[in-house]
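Colleague: The structure's right below; bear with me while I get my questions together.
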Amino acid sequence: MIETTEGDRAFPPALADVARVEFDYDDGEGVDFEPYDTFDSAEETTDWLRHWTGNHRLDGDAYRVFGQDGTGGLAALWCVRPGRPLVEQPVVFLGSEGERGVVAANLSDFLWVLADGLGPLEVVDFEQYEGRPSATLTALAERHATTPRRTTRDIVTTAQAEFPTFSEDIDALCR
């Protein structure tokens, strides 16, 4: 069902740049996102996924966790496209209370979501598509993005249409 990229754990330069940005939570009016400067280890990801789903037979090979929100929900690259580089894998959000969803079809599109002043939690949990654009993150996206700038609504809608069963696939893992 889920295929991986055979252990690729090299942190993409775009994510390294995102990790250097301080996100302003602004008492709930900003972005609730804390980027990491490396991926969580395979062991940490597996441990988290097993506890999150309740299925202790799983491994976390299909996910590269690169950030979290303030409650512990995780942002990850979902390695579902066999043989494709990490930057071409979709970005997903796995919330601390079971929320989950596809945020962007690839890392490039995710950079445009961040540039619009939104994070994974805001997009998935609150279905928020308009934020306060960030000049810093817009410049970062302009440096690294390989896709044209589009609205967050278009990015999320397109990604969710490409992976319409993501939530159901997660439900199946919980059995």
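So you can find residues: chains in the structure tokens are A, B, ... in the order shown, residues in each start at 1, and ligands are numbered from 1 in order.
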Residues of range 63-115 of chain A in helix (DSSP H, G or I) according to DSSP, as a ChimeraX atom specification?
Modeller: /A:86-88,107-115
Colleague: Which residues in range 51-80 of chain A does DSSP call strand (DSSP E)? List them as a list in words.
Modeller: Tyr63, Arg64, Val65, Phe66, Gly67, Gln68, Leu74, Ala75, Ala76, Leu77 and Trp78 of chain A
Colleague: Would you output that residue set with C-alpha atoms, as a PDB file, in the first residue's frame?
Modeller:
ATOM      1  CA  TYR A  63       7.289   9.338   6.518  1.00  0.00           C
ATOM      2  CA  ARG A  64      10.041  11.921   6.932  1.00  0.00           C
ATOM      3  CA  VAL A  65       8.958  14.136   9.837  1.00  0.00           C
ATOM      4  CA  PHE A  66      10.300  17.689   9.546  1.00  0.00           C
ATOM      5  CA  GLY A  67       8.248  19.803  11.946  1.00  0.00           C
ATOM      6  CA  GLN A  68       5.461  20.013  14.469  1.00  0.00           C
ATOM      7  CA  LEU A  74       3.628  16.401  12.895  1.00  0.00           C
ATOM      8  CA  ALA A  75       4.396  17.665   9.398  1.00  0.00           C
ATOM      9  CA  ALA A  76       6.004  15.060   7.169  1.00  0.00           C
ATOM     10  CA  LEU A  77       6.942  14.161   3.664  1.00  0.00           C
ATOM     11  CA  TRP A  78       4.880  11.091   2.749  1.00  0.00           C
TER      12      TRP A  78
END
Colleague: Determine, counting only C-alpha atoms, which protein, DNA and RNA residues have an atom within 10 Å of an atom of Val18 in chain A; residues of the same chain fewer than 4 positions away are not included. Present the result as a count of residues only.
Modeller: 16
Colleague: CA of Leu107 in chain A and CA of Gly54 in chain A are how many Å apart?
Modeller: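 These two atoms are separated by 28.4 Å.
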Colleague: Between A:Val113, A:Ala10, A:Val21, A:Val91, which one has atoms that come closest to Phe166 in chain A, using only C-alpha atoms?
Modeller: A:Val91
Colleague: Taking only C-alpha atoms into account, which of A:Asp17, A:Asn106, A:Ser96, A:Leu49 comes nearest Arg84 in chain A?
Modeller: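 Closest candidate: A:Asn106.
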Colleague: Using only C-alpha atoms, determine which residues lie at most 9 Å from Gly60 in chain A, disregarding the query and same-chain residues fewer than 6 positions distant; provide the list as a ChimeraX atom specification.
Modeller: /A:42-50
Colleague: I'd like to know which of A:Leu173, A:Val31, A:Val80, A:Val103 is closest to Ala161 in chain A, using only C-alpha atoms.
Modeller: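 Among the listed residues, the smallest separation from Ala161 in chain A belongs to A:Val103.
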Colleague: Please provide the set of residues having any atom within 10 Å of Glu142 in chain A, restricted to only C-alpha atoms, with same-chain residues fewer than 4 positions apart removed, written as a PyMOL selection string.
Modeller: chain A and resi 108+111-112+115+136-138+146-149
Colleague: Distance CA of Gln160 in chain A-CA of Pro120 in chain A, one decimal place?
Modeller: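 According to the coordinates, CA of Gln160 in chain A and CA of Pro120 in chain A are separated by 13.1 Å.
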Colleague: Counting only C-alpha atoms, figure out which residue out of A:Ser41, A:Cys79, A:Asp109, A:Asp32 gets nearest to His144 in chain A.
Modeller: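 Under the stated criterion, the closest residue is A:Asp109.
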Colleague: Rounded to one decimal, what separation in Å do you get between CA of Glu97 in chain A and CA of Arg9 in chain A?
Modeller: 26.5 Å
Colleague: Compare A:Glu162, A:Asp69, A:Glu29, A:Asp61 by their minimum atom-to-atom distance to Gly131 in chain A, counting only C-alpha atoms, and give me the closest one.
Modeller: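 Distance minimum relative to Gly131 in chain A lands on A:Glu29.
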Colleague: Measuring between only C-alpha atoms, which one of A:Phe93, A:Asp116, A:Ser167, A:Asp125 shows the shortest distance to Ala139 in chain A?
Modeller: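 Selected residue with least distance to Ala139 in chain A: A:Asp116.
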